[in-house]
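Engineer: Structure below; questions to follow.
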Amino acid sequence: MRSLRKVLPSESECPYTIRVVSDILESNGSSSMATVCAGTLALMDAGVKIVRPVSGIAMGLIMDKKGRFAVLSDILGDEDHLGDMDFKVTGTSKGICACQMDLKVQGLSFDIMLKALNQAKEGRMHILGEMMKTISEPREDYKPHAPRIEKLIIAKEFIGAVIGPGGKVIQEMQRETNTTISIEEVNNEGIIEIASSDKSGIEAAKARIRAIVAIPEIGEVYEGKVKNIMDFGAFVEFMPGKDGLLHISEITWDRLDTMKGVFNEGDKVKVKLIDIDKKTGKYRLSLKVLLPKPDNAPADAGRPQRRQPTA
């Protein structure tokens with residue numbers, strides 16, 4: 001735990017509780033070092049963005065009464081039991097993450113420690129190289145079946161809009177996207193967490209939340225839905241909770257006398273926001289500006305006029 005915790009991503013990058021389970025099939029010098037190496041591989045395979053992979057090795061020591069010694073790398077069970085030292089070292093390519101030492105002698109000289117650390121580094125680097133042959137970096141994404149939690153931060157004034165009256169908006173969002181959404185105010189910000197085992201559901205929930213908190217921008221094109229049809233045009237919901245007027249003169253380059261048969265309520269229509277009234281805050285939309293303008297289009301194209309009787 002001490003070795004792997006050093007390289008875990010921040011809570012904002014990985015807002016999960018992580019459980020690493022190590023099943024040891026045989027034990028030689030150190031099952032904990034096998035756990036560090038296998039745990040690193042498991043985290044990367046799971047898509048956890050660790051800073052760098054970690055490897056570990058158990059070092060041993062055999063020393064006689066005359067002070068002669070031999071430092072052992074990757075000790076066996078007997079060498080662990082009968083030897084004079086069990087020195088575990090873990091680390092990345094940049095340095096040591098953790099170490100643990102058990103001694104059966106009165107002390108170690110500086111020369112022994114220096115040799116043990118240098119030998120451990122060589123061993124760690126060799127093991128790390130072998131690990132990298134299997135997987136060299138964390139996978140781009142979590143496993144498809146992994147439960148997911150993603151976080152959004154919004155301005156606190158939008159918290160009410162996301163929740164909706166009586167929780168109507170957030171409950172509908174959870175039901176339709178098959179997600180669990182929590183929201184709270186922290187340090188004058190709205191912190192939203194979206195949880196689901198379905199990535200597409202999380203993406204759908206994020207898109208709906210972003211649409212709620214988005215600020216309409218003049219010149220942007222939106223996919224809207226026709227809400228009401230009037231004699232003078234149609235009201236189109238181009239963002240969640242935001243309706244704009246698509247005037248009859250802004251529908252087509254051709255002249256329209258009536259709205260009859262032009263749209264049905266619920267129709268999807270692509271519109272461009274062309275103006276926001278500074279006094280009322282009302283939105284003006286246009287469809288015709290997204291259409292090619294005919295060469296012979298008159299200056300008043302789109303404006304309603306009386307149709308001339310035909311013979």
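Convention: chains lettered A, B, ... in structure tokens order; per-chain residue numbering from 1; ligands numbered from 1 as shown.
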Within 6 Å of Gly91 of chain A, counting only C-alpha atoms, which residues qualify if same-chain residues fewer than 5 places away don't, as a ChimeraX atom specification?
Structural biologist: /A:54-55,96-97
Engineer: Report as JSON, numbers by chain all protein, DNA and RNA residues lying within 12 Å of Gly281 of chain A, evaluated on only C-alpha atoms, omitting residues in the same chain fewer than 2 positions from it.
Structural biologist: {"A": [216, 242, 243, 244, 245, 275, 276, 277, 278, 279, 283, 284]}
Engineer: Just checking: using only C-alpha atoms, which residue out of A:Glu157, A:Glu122, A:Glu137, A:Glu150 ends up closest to Thr180 of chain A?
Structural biologist: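 The shortest atom-to-atom distance to Thr180 of chain A comes from A:Glu150.
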Engineer: Neighbouring residues of Pro240 of chain A were defined as those with any atom within 9 Å, considering only C-alpha atoms; residues of the same chain fewer than 3 positions away were excluded. Please report them as an MDAnalysis selection string.
Structural biologist: chainID A and resid 208 211:213 237 243
Engineer: Could you pull the residues within 8 Å of Asp84 of chain A, counting only C-alpha atoms, minus those fewer than 2 positions along the same chain, as a list in words?
Structural biologist: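 Here the answer would be Gly60, Leu61, Ile62, Met63, Asp80, Leu82, Asp86, Leu103, Lys104 and Val105 of chain A.
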Engineer: Determine, counting only C-alpha atoms, which protein, DNA and RNA residues have an atom within 9 Å of an atom of segment 184-194 of chain A; residues of the same chain fewer than 2 positions away are not included. Present the result as a ChimeraX atom specification.
Structural biologist: /A:148-159,179-182,196,202,205-206
Engineer: Atom CA of Ser200 of chain A and atom CA of Leu273 of chain A, how far apart in Å?
Structural biologist: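 Those two atoms sit 28.6 Å apart.
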Engineer: Using DSSP assignments from the backbone, pull out every residue in segment 62-300 of chain A that falls under strand (DSSP E) and give it to me as a PyMOL selection string.
Structural biologist: chain A and resi 62-63+69-73+85-92+95-103+148-155+180-186+189-196+221-230+233-239+242-247+268-276+283-286
Engineer: Take the residues just selected and output them with C-alpha atoms as a PDB file, in the first residue's frame.
Structural biologist:
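Wrote it out as again.pdb, contents follow:
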ATOM      1  CA  ILE A  62      24.891 -13.592   4.411  1.00  0.00           C
ATOM      2  CA  MET A  63      27.700 -12.527   6.774  1.00  0.00           C
ATOM      3  CA  PHE A  69      29.443 -10.682   3.480  1.00  0.00           C
ATOM      4  CA  ALA A  70      27.431 -11.290   0.343  1.00  0.00           C
ATOM      5  CA  VAL A  71      24.362  -9.311  -0.635  1.00  0.00           C
ATOM      6  CA  LEU A  72      21.695 -11.489  -2.259  1.00  0.00           C
ATOM      7  CA  SER A  73      19.063 -10.356  -4.766  1.00  0.00           C
ATOM      8  CA  MET A  85      18.857  -9.582   6.481  1.00  0.00           C
ATOM      9  CA  ASP A  86      15.569  -9.187   4.651  1.00  0.00           C
ATOM     10  CA  PHE A  87      15.674  -5.806   2.935  1.00  0.00           C
ATOM     11  CA  LYS A  88      12.727  -4.932   0.687  1.00  0.00           C
ATOM     12  CA  VAL A  89      13.017  -1.934  -1.650  1.00  0.00           C
ATOM     13  CA  THR A  90      10.348  -0.582  -4.016  1.00  0.00           C
ATOM     14  CA  GLY A  91      10.513   2.329  -6.411  1.00  0.00           C
ATOM     15  CA  THR A  92      10.061   3.802  -9.853  1.00  0.00           C
ATOM     16  CA  GLY A  95      13.614   6.820  -7.064  1.00  0.00           C
ATOM     17  CA  ILE A  96      12.562   4.805  -4.028  1.00  0.00           C
ATOM     18  CA  CYS A  97       8.928   4.657  -2.883  1.00  0.00           C
ATOM     19  CA  ALA A  98       9.256   2.496   0.237  1.00  0.00           C
ATOM     20  CA  CYS A  99      11.593   0.127   2.053  1.00  0.00           C
ATOM     21  CA  GLN A 100      11.455  -2.353   4.920  1.00  0.00           C
ATOM     22  CA  MET A 101      14.270  -4.106   6.749  1.00  0.00           C
ATOM     23  CA  ASP A 102      14.488  -7.075   9.130  1.00  0.00           C
ATOM     24  CA  LEU A 103      17.902  -7.727  10.667  1.00  0.00           C
ATOM     25  CA  ARG A 148     -17.535   5.071 -13.320  1.00  0.00           C
ATOM     26  CA  ILE A 149     -17.630   8.315 -11.394  1.00  0.00           C
ATOM     27  CA  GLU A 150     -17.054  11.590 -13.174  1.00  0.00           C
ATOM     28  CA  LYS A 151     -17.021  15.054 -11.688  1.00  0.00           C
ATOM     29  CA  LEU A 152     -18.212  18.384 -13.033  1.00  0.00           C
ATOM     30  CA  ILE A 153     -17.775  21.802 -11.456  1.00  0.00           C
ATOM     31  CA  ILE A 154     -20.388  24.473 -12.180  1.00  0.00           C
ATOM     32  CA  ALA A 155     -21.067  27.984 -10.940  1.00  0.00           C
ATOM     33  CA  THR A 180     -26.804   8.459 -10.131  1.00  0.00           C
ATOM     34  CA  ILE A 181     -26.138  12.185  -9.773  1.00  0.00           C
ATOM     35  CA  SER A 182     -25.179  14.022  -6.591  1.00  0.00           C
ATOM     36  CA  ILE A 183     -24.660  17.764  -6.293  1.00  0.00           C
ATOM     37  CA  GLU A 184     -23.456  19.950  -3.447  1.00  0.00           C
ATOM     38  CA  GLU A 185     -22.042  23.410  -2.925  1.00  0.00           C
ATOM     39  CA  VAL A 186     -18.389  23.514  -1.874  1.00  0.00           C
ATOM     40  CA  GLU A 189     -18.939  26.107  -6.464  1.00  0.00           C
ATOM     41  CA  GLY A 190     -21.364  23.401  -7.479  1.00  0.00           C
ATOM     42  CA  ILE A 191     -19.656  19.980  -7.339  1.00  0.00           C
ATOM     43  CA  ILE A 192     -21.507  17.357  -9.370  1.00  0.00           C
ATOM     44  CA  GLU A 193     -20.623  13.655  -9.301  1.00  0.00           C
ATOM     45  CA  ILE A 194     -22.147  11.324 -11.899  1.00  0.00           C
ATOM     46  CA  ALA A 195     -21.914   7.572 -11.280  1.00  0.00           C
ATOM     47  CA  SER A 196     -22.843   4.695 -13.585  1.00  0.00           C
ATOM     48  CA  VAL A 221     -25.568  27.123 -34.074  1.00  0.00           C
ATOM     49  CA  TYR A 222     -27.874  24.930 -31.975  1.00  0.00           C
ATOM     50  CA  GLU A 223     -30.016  21.852 -32.506  1.00  0.00           C
ATOM     51  CA  GLY A 224     -33.420  22.981 -31.266  1.00  0.00           C
ATOM     52  CA  LYS A 225     -36.951  21.648 -30.866  1.00  0.00           C
ATOM     53  CA  VAL A 226     -40.104  23.460 -31.938  1.00  0.00           C
ATOM     54  CA  LYS A 227     -42.181  24.174 -28.826  1.00  0.00           C
ATOM     55  CA  ASN A 228     -44.962  26.484 -30.064  1.00  0.00           C
ATOM     56  CA  ILE A 229     -46.131  27.663 -33.476  1.00  0.00           C
ATOM     57  CA  MET A 230     -47.597  31.141 -33.853  1.00  0.00           C
ATOM     58  CA  GLY A 233     -43.145  32.297 -36.377  1.00  0.00           C
ATOM     59  CA  ALA A 234     -42.190  29.526 -33.989  1.00  0.00           C
ATOM     60  CA  PHE A 235     -40.668  29.355 -30.525  1.00  0.00           C
ATOM     61  CA  VAL A 236     -37.749  26.955 -30.506  1.00  0.00           C
ATOM     62  CA  GLU A 237     -36.082  25.490 -27.409  1.00  0.00           C
ATOM     63  CA  PHE A 238     -32.461  25.678 -28.545  1.00  0.00           C
ATOM     64  CA  MET A 239     -30.974  24.948 -25.101  1.00  0.00           C
ATOM     65  CA  LYS A 242     -34.055  28.486 -23.165  1.00  0.00           C
ATOM     66  CA  ASP A 243     -36.546  29.366 -25.932  1.00  0.00           C
ATOM     67  CA  GLY A 244     -35.988  31.749 -28.807  1.00  0.00           C
ATOM     68  CA  LEU A 245     -38.200  33.186 -31.516  1.00  0.00           C
ATOM     69  CA  LEU A 246     -37.678  31.930 -35.029  1.00  0.00           C
ATOM     70  CA  HIS A 247     -39.578  34.634 -36.909  1.00  0.00           C
ATOM     71  CA  LYS A 268     -35.991  19.184 -34.603  1.00  0.00           C
ATOM     72  CA  VAL A 269     -34.503  22.199 -36.347  1.00  0.00           C
ATOM     73  CA  LYS A 270     -30.998  23.627 -36.585  1.00  0.00           C
ATOM     74  CA  VAL A 271     -30.930  27.349 -35.823  1.00  0.00           C
ATOM     75  CA  LYS A 272     -28.418  30.137 -35.305  1.00  0.00           C
ATOM     76  CA  LEU A 273     -28.652  32.631 -32.457  1.00  0.00           C
ATOM     77  CA  ILE A 274     -28.495  36.021 -34.183  1.00  0.00           C
ATOM     78  CA  ASP A 275     -29.404  38.418 -31.375  1.00  0.00           C
ATOM     79  CA  ILE A 276     -30.169  38.786 -27.662  1.00  0.00           C
ATOM     80  CA  TYR A 283     -33.405  35.388 -28.052  1.00  0.00           C
ATOM     81  CA  ARG A 284     -33.745  35.800 -31.830  1.00  0.00           C
ATOM     82  CA  LEU A 285     -33.057  32.783 -33.977  1.00  0.00           C
ATOM     83  CA  SER A 286     -32.566  32.255 -37.687  1.00  0.00           C
TER      84      SER A 286
END
Engineer: In Å, how far is it from atom CA of Met33 of chain A to atom CA of Gly56 of chain A?
Structural biologist: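 Computing it gives 5.0 Å between the two atoms.
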Engineer: Name the closest residue to Ala116 of chain A among the candidates A:Glu217, A:Glu176, A:Asp74, A:Glu13; distances are taken between atoms, counting only C-alpha atoms.
Structural biologist: A:Asp74
Engineer: Please compute the atom CA of Leu117 of chain A-atom CA of Thr134 of chain A distance, one decimal, in Å.
Structural biologist: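 We find that atom CA of Leu117 of chain A and atom CA of Thr134 of chain A lie 26.1 Å from each other.
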Engineer: Name all residues at most 7 Å from Arg124 of chain A (count only C-alpha atoms; drop same-chain ones fewer than 3 positions away) and give them as a ChimeraX atom specification.
Structural biologist: /A:55-57,120-121,127-128
Engineer: Write out, as a short mmCIF file (atom, residue, chain, number, x, y, z; two decimals), in the first residue's frame, the residues just selected, with C-alpha atoms.
Structural biologist:
data_model
loop_
_atom_site.label_atom_id
_atom_site.label_comp_id
_atom_site.auth_asym_id
_atom_site.auth_seq_id
_atom_site.Cartn_x
_atom_site.Cartn_y
_atom_site.Cartn_z
CA SER A 55 8.68 -2.51 -9.02
CA GLY A 56 10.13 -4.09 -5.91
CA ILE A 57 12.78 -6.59 -4.90
CA ALA A 120 18.52 -3.39 -5.27
CA LYS A 121 18.31 -0.58 -7.82
CA ILE A 127 12.19 -6.24 -13.09
CA LEU A 128 10.62 -2.98 -14.23
#
Engineer: What residues in segment 186-308 of chain A get the DSSP label alpha helix (DSSP H)? Please answer as a ChimeraX atom specification.
Structural biologist: /A:199-213
